[in-house]
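Engineer: Below is protein_1.pdb; it holds PDB, C-alpha atoms, pLDDT in the B column.
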ATOM      1  CA  MET A   1      36.320  18.604  69.616  1.00 56.00           C
ATOM      2  CA  ARG A   2      39.595  17.954  71.387  1.00 67.00           C
ATOM      3  CA  ARG A   3      42.536  19.040  69.267  1.00 68.00           C
ATOM      4  CA  ARG A   4      44.707  16.101  70.331  1.00 72.00           C
ATOM      5  CA  SER A   5      42.177  13.432  69.455  1.00 77.00           C
ATOM      6  CA  ALA A   6      42.945  11.164  66.501  1.00 75.00           C
ATOM      7  CA  LEU A   7      39.484  11.848  65.052  1.00 78.00           C
ATOM      8  CA  ALA A   8      40.107  15.598  65.057  1.00 75.00           C
ATOM      9  CA  GLY A   9      43.328  15.059  63.121  1.00 78.00           C
ATOM     10  CA  VAL A  10      41.552  12.917  60.534  1.00 79.00           C
ATOM     11  CA  PHE A  11      38.812  15.509  60.031  1.00 78.00           C
ATOM     12  CA  ASP A  12      41.396  18.279  59.782  1.00 80.00           C
ATOM     13  CA  LYS A  13      43.272  16.500  56.986  1.00 86.00           C
ATOM     14  CA  ILE A  14      40.038  15.773  55.105  1.00 88.00           C
ATOM     15  CA  PHE A  15      38.808  19.356  55.302  1.00 85.00           C
ATOM     16  CA  VAL A  16      42.211  20.801  54.350  1.00 83.00           C
ATOM     17  CA  GLU A  17      42.296  18.618  51.244  1.00 87.00           C
ATOM     18  CA  LEU A  18      38.715  19.579  50.385  1.00 88.00           C
ATOM     19  CA  HIS A  19      39.611  23.242  50.767  1.00 85.00           C
ATOM     20  CA  LYS A  20      42.648  22.830  48.515  1.00 83.00           C
ATOM     21  CA  ALA A  21      40.450  21.221  45.862  1.00 89.00           C
ATOM     22  CA  TYR A  22      37.953  24.076  46.235  1.00 87.00           C
ATOM     23  CA  GLU A  23      40.787  26.582  45.811  1.00 91.00           C
ATOM     24  CA  ASN A  24      42.046  24.752  42.686  1.00 90.00           C
ATOM     25  CA  VAL A  25      45.422  23.566  43.961  1.00 87.00           C
ATOM     26  CA  ASP A  26      45.996  21.770  40.657  1.00 87.00           C
ATOM     27  CA  TYR A  27      49.184  22.045  38.615  1.00 87.00           C
ATOM     28  CA  GLU A  28      47.895  20.248  35.491  1.00 90.00           C
ATOM     29  CA  PHE A  29      47.195  22.953  32.918  1.00 88.00           C
ATOM     30  CA  SER A  30      44.705  20.816  30.988  1.00 91.00           C
ATOM     31  CA  THR A  31      42.370  20.635  34.007  1.00 95.00           C
ATOM     32  CA  ASN A  32      43.102  23.649  36.236  1.00 95.00           C
ATOM     33  CA  GLY A  33      41.733  26.309  33.901  1.00 93.00           C
ATOM     34  CA  GLU A  34      44.966  27.400  32.177  1.00 95.00           C
ATOM     35  CA  ALA A  35      44.105  25.779  28.848  1.00 95.00           C
ATOM     36  CA  ALA A  36      40.526  27.030  29.134  1.00 95.00           C
ATOM     37  CA  CYS A  37      41.872  30.592  29.519  1.00 96.00           C
ATOM     38  CA  LEU A  38      43.880  30.193  26.321  1.00 97.00           C
ATOM     39  CA  ARG A  39      40.793  28.992  24.451  1.00 97.00           C
ATOM     40  CA  THR A  40      38.839  32.012  25.682  1.00 96.00           C
ATOM     41  CA  LEU A  41      41.633  34.284  24.476  1.00 96.00           C
ATOM     42  CA  ALA A  42      41.615  32.550  21.095  1.00 96.00           C
ATOM     43  CA  GLU A  43      37.885  33.251  20.769  1.00 95.00           C
ATOM     44  CA  SER A  44      38.185  36.857  21.940  1.00 94.00           C
ATOM     45  CA  THR A  45      41.516  38.153  20.603  1.00 94.00           C
ATOM     46  CA  ASP A  46      43.999  37.828  17.762  1.00 94.00           C
ATOM     47  CA  THR A  47      46.852  36.372  19.811  1.00 96.00           C
ATOM     48  CA  ARG A  48      50.129  36.331  17.890  1.00 96.00           C
ATOM     49  CA  SER A  49      52.956  36.986  20.356  1.00 98.00           C
ATOM     50  CA  VAL A  50      53.278  34.533  23.275  1.00 98.00           C
ATOM     51  CA  PHE A  51      56.104  34.159  25.805  1.00 98.00           C
ATOM     52  CA  ASP A  52      56.534  30.953  27.802  1.00 98.00           C
ATOM     53  CA  VAL A  53      59.025  31.818  30.546  1.00 98.00           C
ATOM     54  CA  GLY A  54      59.990  28.629  32.346  1.00 96.00           C
ATOM     55  CA  ALA A  55      59.024  26.407  29.429  1.00 96.00           C
ATOM     56  CA  ASN A  56      60.324  23.126  30.858  1.00 94.00           C
ATOM     57  CA  VAL A  57      60.123  20.492  28.092  1.00 95.00           C
ATOM     58  CA  GLY A  58      57.587  22.448  26.037  1.00 97.00           C
ATOM     59  CA  ASP A  59      54.185  20.943  26.835  1.00 96.00           C
ATOM     60  CA  TRP A  60      52.562  24.313  27.543  1.00 97.00           C
ATOM     61  CA  SER A  61      54.139  25.855  24.436  1.00 98.00           C
ATOM     62  CA  ALA A  62      52.803  22.998  22.298  1.00 97.00           C
ATOM     63  CA  THR A  63      49.311  23.598  23.681  1.00 96.00           C
ATOM     64  CA  ALA A  64      49.593  27.325  22.995  1.00 97.00           C
ATOM     65  CA  VAL A  65      50.497  26.913  19.303  1.00 97.00           C
ATOM     66  CA  ARG A  66      47.584  24.505  18.846  1.00 97.00           C
ATOM     67  CA  ILE A  67      45.135  26.966  20.370  1.00 97.00           C
ATOM     68  CA  PHE A  68      46.602  30.101  18.729  1.00 97.00           C
ATOM     69  CA  PRO A  69      47.081  29.180  15.036  1.00 96.00           C
ATOM     70  CA  GLN A  70      48.790  32.488  14.167  1.00 96.00           C
ATOM     71  CA  ALA A  71      51.023  32.792  17.230  1.00 97.00           C
ATOM     72  CA  THR A  72      54.767  32.540  17.687  1.00 98.00           C
ATOM     73  CA  VAL A  73      55.780  31.223  21.102  1.00 98.00           C
ATOM     74  CA  HIS A  74      59.145  32.260  22.526  1.00 98.00           C
ATOM     75  CA  ALA A  75      59.980  29.467  24.978  1.00 98.00           C
ATOM     76  CA  PHE A  76      62.640  30.214  27.612  1.00 98.00           C
ATOM     77  CA  GLU A  77      64.264  27.353  29.537  1.00 96.00           C
ATOM     78  CA  ILE A  78      67.233  28.081  31.756  1.00 94.00           C
ATOM     79  CA  VAL A  79      68.377  24.533  32.672  1.00 92.00           C
ATOM     80  CA  PRO A  80      70.665  23.181  29.899  1.00 91.00           C
ATOM     81  CA  ASP A  81      69.534  19.527  30.093  1.00 90.00           C
ATOM     82  CA  THR A  82      65.866  20.499  30.128  1.00 93.00           C
ATOM     83  CA  PHE A  83      66.437  22.903  27.245  1.00 95.00           C
ATOM     84  CA  GLU A  84      67.768  20.042  25.119  1.00 95.00           C
ATOM     85  CA  ARG A  85      64.477  18.216  25.614  1.00 95.00           C
ATOM     86  CA  LEU A  86      62.540  21.386  24.845  1.00 97.00           C
ATOM     87  CA  ALA A  87      64.506  21.913  21.623  1.00 97.00           C
ATOM     88  CA  GLU A  88      63.965  18.285  20.585  1.00 97.00           C
ATOM     89  CA  ASN A  89      60.245  18.369  21.383  1.00 97.00           C
ATOM     90  CA  SER A  90      59.725  21.584  19.393  1.00 97.00           C
ATOM     91  CA  ARG A  91      62.000  20.683  16.485  1.00 96.00           C
ATOM     92  CA  ASP A  92      59.106  20.118  14.082  1.00 96.00           C
ATOM     93  CA  GLU A  93      57.133  23.193  15.142  1.00 97.00           C
ATOM     94  CA  ALA A  94      58.603  26.350  13.598  1.00 97.00           C
ATOM     95  CA  ARG A  95      56.292  28.584  15.625  1.00 98.00           C
ATOM     96  CA  ILE A  96      57.951  27.536  18.894  1.00 98.00           C
ATOM     97  CA  VAL A  97      61.277  29.354  19.258  1.00 98.00           C
ATOM     98  CA  PRO A  98      63.335  27.872  22.137  1.00 98.00           C
ATOM     99  CA  HIS A  99      65.860  29.979  24.069  1.00 98.00           C
ATOM    100  CA  ASN A 100      68.450  28.509  26.435  1.00 96.00           C
ATOM    101  CA  PHE A 101      68.563  31.394  28.903  1.00 97.00           C
ATOM    102  CA  GLY A 102      66.291  32.892  31.494  1.00 96.00           C
ATOM    103  CA  LEU A 103      64.629  36.254  31.999  1.00 98.00           C
ATOM    104  CA  SER A 104      65.310  38.387  35.042  1.00 97.00           C
ATOM    105  CA  ASP A 105      65.543  42.022  36.165  1.00 97.00           C
ATOM    106  CA  ALA A 106      69.162  42.419  34.979  1.00 97.00           C
ATOM    107  CA  GLU A 107      71.523  40.894  32.453  1.00 96.00           C
ATOM    108  CA  GLY A 108      74.184  38.464  33.696  1.00 96.00           C
ATOM    109  CA  THR A 109      74.093  35.038  35.319  1.00 95.00           C
ATOM    110  CA  THR A 110      72.201  33.450  38.164  1.00 94.00           C
ATOM    111  CA  LYS A 111      72.458  30.194  40.078  1.00 92.00           C
ATOM    112  CA  VAL A 112      69.784  27.607  39.348  1.00 90.00           C
ATOM    113  CA  TYR A 113      69.064  24.614  41.577  1.00 89.00           C
ATOM    114  CA  PHE A 114      67.567  21.704  39.654  1.00 84.00           C
ATOM    115  CA  ALA A 115      66.824  18.003  39.988  1.00 83.00           C
ATOM    116  CA  PRO A 116      68.098  16.132  36.904  1.00 80.00           C
ATOM    117  CA  GLU A 117      65.449  13.420  37.243  1.00 75.00           C
ATOM    118  CA  LEU A 118      62.580  15.915  37.691  1.00 73.00           C
ATOM    119  CA  SER A 119      62.506  18.510  34.926  1.00 75.00           C
ATOM    120  CA  HIS A 120      59.810  20.552  36.699  1.00 79.00           C
ATOM    121  CA  VAL A 121      62.030  21.032  39.754  1.00 78.00           C
ATOM    122  CA  ALA A 122      64.222  24.039  39.010  1.00 83.00           C
ATOM    123  CA  THR A 123      64.448  27.263  40.974  1.00 85.00           C
ATOM    124  CA  CYS A 124      66.745  30.163  41.715  1.00 83.00           C
ATOM    125  CA  VAL A 125      65.711  29.983  45.385  1.00 87.00           C
ATOM    126  CA  PRO A 126      68.309  27.907  47.294  1.00 84.00           C
ATOM    127  CA  GLY A 127      67.105  25.098  49.504  1.00 78.00           C
ATOM    128  CA  PHE A 128      63.430  25.237  48.565  1.00 69.00           C
ATOM    129  CA  SER A 129      63.229  22.238  46.229  1.00 66.00           C
ATOM    130  CA  ASP A 130      65.345  20.037  48.509  1.00 60.00           C
ATOM    131  CA  GLN A 131      62.799  20.535  51.268  1.00 64.00           C
ATOM    132  CA  PHE A 132      59.500  20.992  49.436  1.00 61.00           C
ATOM    133  CA  HIS A 133      60.023  18.349  46.741  1.00 63.00           C
ATOM    134  CA  ASP A 134      62.163  16.128  48.978  1.00 70.00           C
ATOM    135  CA  CYS A 135      64.914  15.715  46.407  1.00 73.00           C
ATOM    136  CA  VAL A 136      68.598  16.459  46.011  1.00 77.00           C
ATOM    137  CA  THR A 137      69.325  19.292  43.606  1.00 82.00           C
ATOM    138  CA  ARG A 138      72.363  20.292  41.604  1.00 84.00           C
ATOM    139  CA  GLU A 139      73.579  23.821  41.018  1.00 88.00           C
ATOM    140  CA  VAL A 140      74.387  25.452  37.689  1.00 88.00           C
ATOM    141  CA  ASP A 141      75.232  29.014  36.598  1.00 92.00           C
ATOM    142  CA  ALA A 142      72.846  30.137  33.874  1.00 93.00           C
ATOM    143  CA  ALA A 143      72.593  33.190  31.645  1.00 95.00           C
ATOM    144  CA  VAL A 144      69.756  35.676  32.048  1.00 97.00           C
ATOM    145  CA  THR A 145      68.640  38.837  30.326  1.00 98.00           C
ATOM    146  CA  THR A 146      65.687  41.168  30.792  1.00 98.00           C
ATOM    147  CA  GLY A 147      62.432  40.929  28.928  1.00 98.00           C
ATOM    148  CA  ASP A 148      62.796  44.534  27.800  1.00 98.00           C
ATOM    149  CA  THR A 149      66.247  43.840  26.354  1.00 98.00           C
ATOM    150  CA  PHE A 150      65.072  40.693  24.592  1.00 98.00           C
ATOM    151  CA  CYS A 151      62.087  42.480  23.055  1.00 98.00           C
ATOM    152  CA  ALA A 152      64.216  45.421  21.911  1.00 98.00           C
ATOM    153  CA  GLU A 153      66.837  43.149  20.329  1.00 98.00           C
ATOM    154  CA  ASN A 154      64.207  41.059  18.557  1.00 98.00           C
ATOM    155  CA  GLY A 155      61.896  43.812  17.380  1.00 98.00           C
ATOM    156  CA  ILE A 156      58.966  42.717  19.565  1.00 98.00           C
ATOM    157  CA  ALA A 157      56.735  45.718  20.213  1.00 98.00           C
ATOM    158  CA  LYS A 158      53.865  43.877  21.920  1.00 98.00           C
ATOM    159  CA  ILE A 159      53.239  40.675  23.871  1.00 98.00           C
ATOM    160  CA  ASP A 160      49.713  39.313  23.770  1.00 98.00           C
ATOM    161  CA  PHE A 161      50.260  36.646  26.426  1.00 98.00           C
ATOM    162  CA  LEU A 162      53.126  36.324  28.896  1.00 98.00           C
ATOM    163  CA  LYS A 163      53.184  33.098  30.924  1.00 98.00           C
ATOM    164  CA  ILE A 164      55.658  32.964  33.841  1.00 98.00           C
ATOM    165  CA  ASP A 165      56.334  29.758  35.761  1.00 95.00           C
ATOM    166  CA  VAL A 166      59.810  30.074  37.269  1.00 95.00           C
ATOM    167  CA  GLU A 167      59.463  28.736  40.807  1.00 91.00           C
ATOM    168  CA  GLY A 168      59.839  31.888  42.869  1.00 92.00           C
ATOM    169  CA  TYR A 169      61.615  34.103  40.342  1.00 94.00           C
ATOM    170  CA  GLU A 170      58.381  35.625  39.016  1.00 97.00           C
ATOM    171  CA  ASP A 171      58.960  39.059  40.529  1.00 96.00           C
ATOM    172  CA  ARG A 172      62.409  39.314  38.899  1.00 97.00           C
ATOM    173  CA  VAL A 173      60.964  38.366  35.520  1.00 98.00           C
ATOM    174  CA  LEU A 174      58.180  40.923  35.841  1.00 98.00           C
ATOM    175  CA  LYS A 175      60.568  43.717  36.807  1.00 98.00           C
ATOM    176  CA  GLY A 176      62.614  42.938  33.689  1.00 98.00           C
ATOM    177  CA  PHE A 177      59.544  43.872  31.624  1.00 98.00           C
ATOM    178  CA  GLU A 178      59.058  47.231  33.330  1.00 98.00           C
ATOM    179  CA  GLY A 179      59.477  49.185  30.091  1.00 98.00           C
ATOM    180  CA  MET A 180      56.958  47.041  28.224  1.00 98.00           C
ATOM    181  CA  LEU A 181      54.541  47.240  31.141  1.00 98.00           C
ATOM    182  CA  SER A 182      54.895  51.024  31.333  1.00 98.00           C
ATOM    183  CA  ARG A 183      53.962  51.285  27.649  1.00 98.00           C
ATOM    184  CA  GLY A 184      50.962  49.015  28.045  1.00 97.00           C
ATOM    185  CA  ALA A 185      52.628  46.591  25.640  1.00 98.00           C
ATOM    186  CA  ILE A 186      51.653  43.391  27.479  1.00 98.00           C
ATOM    187  CA  ASP A 187      47.973  42.465  27.409  1.00 98.00           C
ATOM    188  CA  VAL A 188      47.801  39.355  29.607  1.00 98.00           C
ATOM    189  CA  ILE A 189      50.186  37.872  32.188  1.00 98.00           C
ATOM    190  CA  GLN A 190      49.823  34.477  33.837  1.00 98.00           C
ATOM    191  CA  PHE A 191      51.990  33.960  36.898  1.00 98.00           C
ATOM    192  CA  GLU A 192      52.398  31.293  39.549  1.00 96.00           C
ATOM    193  CA  TYR A 193      52.093  31.958  43.285  1.00 97.00           C
ATOM    194  CA  GLY A 194      52.605  29.444  46.088  1.00 94.00           C
ATOM    195  CA  TYR A 195      54.588  28.298  49.091  1.00 92.00           C
ATOM    196  CA  ILE A 196      57.888  29.426  47.573  1.00 93.00           C
ATOM    197  CA  ASN A 197      56.742  33.031  47.972  1.00 95.00           C
ATOM    198  CA  ILE A 198      57.255  32.581  51.708  1.00 94.00           C
ATOM    199  CA  ASP A 199      60.964  32.202  50.974  1.00 92.00           C
ATOM    200  CA  THR A 200      61.167  35.033  48.429  1.00 94.00           C
ATOM    201  CA  HIS A 201      59.114  37.446  50.592  1.00 95.00           C
ATOM    202  CA  PHE A 202      57.254  38.564  47.451  1.00 97.00           C
ATOM    203  CA  LEU A 203      53.656  37.998  48.453  1.00 98.00           C
ATOM    204  CA  LEU A 204      50.405  37.943  46.530  1.00 98.00           C
ATOM    205  CA  ARG A 205      49.827  41.452  47.832  1.00 98.00           C
ATOM    206  CA  ASP A 206      53.096  42.512  46.145  1.00 98.00           C
ATOM    207  CA  PHE A 207      51.954  41.056  42.809  1.00 98.00           C
ATOM    208  CA  TYR A 208      48.754  43.074  43.123  1.00 98.00           C
ATOM    209  CA  THR A 209      50.548  46.281  44.070  1.00 98.00           C
ATOM    210  CA  TYR A 210      53.114  45.958  41.286  1.00 98.00           C
ATOM    211  CA  LEU A 211      50.807  44.978  38.437  1.00 98.00           C
ATOM    212  CA  GLU A 212      47.915  47.243  39.393  1.00 98.00           C
ATOM    213  CA  GLY A 213      50.448  50.063  39.194  1.00 98.00           C
ATOM    214  CA  PHE A 214      50.593  49.363  35.463  1.00 98.00           C
ATOM    215  CA  GLY A 215      46.816  49.397  35.074  1.00 98.00           C
ATOM    216  CA  MET A 216      46.177  45.664  35.237  1.00 98.00           C
ATOM    217  CA  ARG A 217      43.277  43.758  36.755  1.00 98.00           C
ATOM    218  CA  LEU A 218      44.102  40.549  38.647  1.00 98.00           C
ATOM    219  CA  GLY A 219      42.167  37.357  39.205  1.00 98.00           C
ATOM    220  CA  LYS A 220      42.693  33.755  40.210  1.00 98.00           C
ATOM    221  CA  ILE A 221      42.375  31.043  37.587  1.00 97.00           C
ATOM    222  CA  TYR A 222      39.760  28.366  38.278  1.00 97.00           C
ATOM    223  CA  PRO A 223      38.623  25.543  35.972  1.00 96.00           C
ATOM    224  CA  THR A 224      35.423  27.353  34.985  1.00 94.00           C
ATOM    225  CA  ASN A 225      36.434  31.024  35.106  1.00 95.00           C
ATOM    226  CA  VAL A 226      38.906  33.653  36.260  1.00 97.00           C
ATOM    227  CA  ASP A 227      37.764  35.253  39.499  1.00 97.00           C
ATOM    228  CA  PHE A 228      38.825  38.886  39.076  1.00 98.00           C
ATOM    229  CA  ARG A 229      38.817  40.538  42.492  1.00 97.00           C
ATOM    230  CA  ASP A 230      40.590  43.072  44.644  1.00 97.00           C
ATOM    231  CA  TYR A 231      43.295  41.837  46.984  1.00 98.00           C
ATOM    232  CA  ARG A 232      42.034  40.233  50.177  1.00 96.00           C
ATOM    233  CA  HIS A 233      44.231  39.180  53.076  1.00 96.00           C
ATOM    234  CA  VAL A 234      42.402  35.848  53.224  1.00 95.00           C
ATOM    235  CA  ASP A 235      43.769  35.054  49.744  1.00 95.00           C
ATOM    236  CA  GLU A 236      47.348  35.154  51.063  1.00 97.00           C
ATOM    237  CA  ASP A 237      47.174  31.375  51.561  1.00 94.00           C
ATOM    238  CA  PHE A 238      50.171  30.334  49.396  1.00 94.00           C
ATOM    239  CA  TYR A 239      47.958  27.829  47.584  1.00 92.00           C
ATOM    240  CA  GLY A 240      47.797  29.431  44.161  1.00 90.00           C
ATOM    241  CA  PRO A 241      48.727  28.063  41.839  1.00 95.00           C
ATOM    242  CA  ASN A 242      47.950  30.481  38.989  1.00 97.00           C
ATOM    243  CA  TYR A 243      46.751  34.029  38.657  1.00 98.00           C
ATOM    244  CA  LEU A 244      45.986  36.146  35.621  1.00 98.00           C
ATOM    245  CA  ALA A 245      46.636  39.859  35.129  1.00 98.00           C
ATOM    246  CA  VAL A 246      44.868  41.608  32.237  1.00 98.00           C
ATOM    247  CA  ARG A 247      45.164  45.214  31.136  1.00 98.00           C
ATOM    248  CA  SER A 248      42.146  47.042  32.544  1.00 97.00           C
ATOM    249  CA  SER A 249      41.464  48.572  29.131  1.00 96.00           C
ATOM    250  CA  CYS A 250      40.715  45.048  27.800  1.00 96.00           C
ATOM    251  CA  ALA A 251      37.270  45.151  29.409  1.00 96.00           C
ATOM    252  CA  ALA A 252      35.606  42.725  26.965  1.00 96.00           C
ATOM    253  CA  LEU A 253      38.339  40.136  27.523  1.00 96.00           C
ATOM    254  CA  ILE A 254      38.083  40.467  31.304  1.00 96.00           C
ATOM    255  CA  GLU A 255      34.329  39.935  31.044  1.00 96.00           C
ATOM    256  CA  ALA A 256      34.742  36.888  28.787  1.00 96.00           C
ATOM    257  CA  LEU A 257      37.319  35.296  31.106  1.00 97.00           C
ATOM    258  CA  GLY A 258      35.196  36.014  34.143  1.00 95.00           C
ATOM    259  CA  ARG A 259      32.033  34.393  32.793  1.00 86.00           C
ATOM    260  CA  ARG A 260      33.303  31.358  30.856  1.00 68.00           C
TER     261      ARG A 260
END
For this file, produce the structure as structure tokens.
Structural biologist:
Amino acid sequence: MRRRSALAGVFDKIFVELHKAYENVDYEFSTNGEAACLRTLAESTDTRSVFDVGANVGDWSATAVRIFPQATVHAFEIVPDTFERLAENSRDEARIVPHNFGLSDAEGTTKVYFAPELSHVATCVPGFSDQFHDCVTREVDAAVTTGDTFCAENGIAKIDFLKIDVEGYEDRVLKGFEGMLSRGAIDVIQFEYGYINIDTHFLLRDFYTYLEGFGMRLGKIYPTNVDFRDYRHVDEDFYGPNYLAVRSSCAALIEALGRR
């Protein structure tokens, strides 16, 4: 087939979209397997300590407290306007604890680029959202601390589930939990991976290298299961969107997630 032909272009677009669907390029947590993972955890573990880093307006946190009846969810939202909506949405749920700062690999401040009309568009990577989401962003200085510092100050010895959705800042958040990871004090981590990792230069391979160094097993989240597998170069496709890392010692949980 000639590459320049109109028909070839049509077929290419169709097959690319089919491949994306096959690879679960779906950002809706009720359909892409994220919520199903939480239900599997609820059936298999006694989940009580949950972190929602990049909580947005609190939809994921609200789902988590419904699925985990004994859990407290610490919800971190770095954008002030979005945090106000998070605080309002969680006002009647005492088990959601909102925090108006971010988590990183050091204490201090960081610049955040956000679109006021799109609460899900917020990143610490300059220029990405303007191009990828085709919108104009504003800039704000926001406070950050490390996960280790937050846990130490709040007497949190263990995290059952750590969800990270921070638009390219995932590696910084993870490195801020290095002490907890070294102690094996985090059982499950969900993180997002996608096109923004081209800009951050922290690739899927780097996630694997970093988290496997702490004895974790990684897999991609699909609607019907988590496909736990070793790193493959072919997976470096920047599609994502979500991967799961589980402590290797949690063999029964890994099996349950893999077969659901």
Engineer: Could you give me, as a PyMOL selection string, the residues within 8 Å of segment 196-204 of chain A, counting only C-alpha atoms and dropping anything in the same chain fewer than 6 positions from it?
Structural biologist: chain A and resi 125+128+167-168+171+235-236+238
Engineer: What residues come out when you apply the PyMOL selection byres ((chain A and resi 102) around 7) to this file, written as a tab-separated table (two decimals) with C-alpha atoms, in the coordinates of the input?
Structural biologist:
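Result written to result_34.tsv:
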chain	number	residue	atom	x	y	z
A	76	PHE	CA	62.64	30.21	27.61
A	77	GLU	CA	64.26	27.35	29.54
A	78	ILE	CA	67.23	28.08	31.76
A	101	PHE	CA	68.56	31.39	28.90
A	103	LEU	CA	64.63	36.25	32.00
A	104	SER	CA	65.31	38.39	35.04
A	143	ALA	CA	72.59	33.19	31.64
A	144	VAL	CA	69.76	35.68	32.05
A	145	THR	CA	68.64	38.84	30.33
Engineer: Of the candidates A:Gly213, A:Gly258, A:Pro80, A:Gly184, which one gets nearest to Asn225 of chain A if we count all atoms listed in the file?
Structural biologist: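 Of all the options, A:Gly258 lies closest to Asn225 of chain A.
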Engineer: Assuming the chain letters and numbering stay as they are in my file, what does the PyMOL selection byres ((chain A and resi 106-119) around 6) actually select? List them as a PyMOL selection string.
Structural biologist: chain A and resi 104-105+120-124+137-146
Engineer: Next, dump the selected residues to file, keeping only C-alpha atoms, as a PDB file, in the coordinates of the input.
Structural biologist:
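Generated output (out_11.pdb):
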ATOM      1  CA  SER A 104      65.310  38.387  35.042  1.00 97.00           C
ATOM      2  CA  ASP A 105      65.543  42.022  36.165  1.00 97.00           C
ATOM      3  CA  HIS A 120      59.810  20.552  36.699  1.00 79.00           C
ATOM      4  CA  VAL A 121      62.030  21.032  39.754  1.00 78.00           C
ATOM      5  CA  ALA A 122      64.222  24.039  39.010  1.00 83.00           C
ATOM      6  CA  THR A 123      64.448  27.263  40.974  1.00 85.00           C
ATOM      7  CA  CYS A 124      66.745  30.163  41.715  1.00 83.00           C
ATOM      8  CA  THR A 137      69.325  19.292  43.606  1.00 82.00           C
ATOM      9  CA  ARG A 138      72.363  20.292  41.604  1.00 84.00           C
ATOM     10  CA  GLU A 139      73.579  23.821  41.018  1.00 88.00           C
ATOM     11  CA  VAL A 140      74.387  25.452  37.689  1.00 88.00           C
ATOM     12  CA  ASP A 141      75.232  29.014  36.598  1.00 92.00           C
ATOM     13  CA  ALA A 142      72.846  30.137  33.874  1.00 93.00           C
ATOM     14  CA  ALA A 143      72.593  33.190  31.645  1.00 95.00           C
ATOM     15  CA  VAL A 144      69.756  35.676  32.048  1.00 97.00           C
ATOM     16  CA  THR A 145      68.640  38.837  30.326  1.00 98.00           C
ATOM     17  CA  THR A 146      65.687  41.168  30.792  1.00 98.00           C
TER      18      THR A 146
END
Engineer: Residues within 10 Å of Lys163 of chain A, please, as a PyMOL selection string. Count all atoms listed in the file; anything in the same chain fewer than 5 positions from it doesn't count.
Structural biologist: chain A and resi 50-55+60-61+75+170+188-192+242+244
Engineer: Give as a PyMOL selection string the residues that the PyMOL selection byres ((chain A and resi 96) around 8) matches when applied to the coordinates above.
Structural biologist: chain A and resi 61-62+65+72-75+90+93-95+97-98
Engineer: Do you have the atom CA of Ile186 of chain A-atom CA of Ile159 of chain A distance handy?
Structural biologist: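 So the two atoms, atom CA of Ile186 of chain A and atom CA of Ile159 of chain A, lie 4.8 Å apart.
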Engineer: With distances taken over all atoms listed in the file, which residue among A:Ile221, A:Val10, A:Ala35, A:Ala87 lies nearest Tyr239 of chain A?
Structural biologist: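 For Tyr239 of chain A, the nearest of the given residues is A:Ile221.
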Engineer: So the first atom is atom CA of Arg85 of chain A and the second is atom CA of Asp59 of chain A; what is the distance between them in Å, to one decimal place?
Structural biologist: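 That distance, rounded to one decimal, is 10.7 Å.
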Engineer: Which residues, written as a ChimeraX atom specification, have at least one atom at most 8 Å from Tyr222 of chain A, with all atoms listed in the file counted and residues fewer than 4 positions away on the same chain left out?
Structural biologist: /A:23-24,32-33,226-227
Engineer: Please determine an axis-aligned box that encloses all atoms of segment 198-216 of chain A listed in the file, with 5 Å added on each side, and express its centre and edge lengths in Å to one decimal as AutoDock Vina command-line options.
Structural biologist:
--center_x 53.7 --center_y 41.1 --center_z 43.4 --size_x 25.0 --size_y 27.9 --size_z 26.6
Engineer: For a quick check of understanding, using only C-alpha atoms, which of A:Cys135, A:Ile164, A:Met180, A:Cys250 has the smallest distance to Cys151 of chain A?
Structural biologist: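 Among the listed residues, A:Met180 lies closest to Cys151 of chain A.
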Engineer: Figure out the distance between atom CA of Leu174 of chain A and atom CA of Val136 of chain A, please, to one decimal in Å.
Structural biologist: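 Computed distance, atom CA of Val136 of chain A to atom CA of Leu174 of chain A, equals 28.5 Å.
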Engineer: Smallest atom-to-atom distance to Pro126 of chain A: which of A:Tyr169, A:Arg39, A:Phe11, A:Ser182, using all atoms listed in the file?
Structural biologist: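 Answer, going by the shortest atom-to-atom distance: A:Tyr169.
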Engineer: Which residues are near Asp148 of chain A? Cut-off 9 Å, all atoms listed in the file, ignore same chain within fewer than 5 positions. Put them as a ChimeraX atom specification.
Structural biologist: /A:153,176-180
Engineer: Would you list the contacts of Thr40 of chain A as a PyMOL selection string, taking every protein, DNA or RNA residue within 10 Å and counting only C-alpha atoms, but skipping same-chain residues closer than 5 positions in sequence?
Structural biologist: chain A and resi 35+45+67+225+253+256-257+260
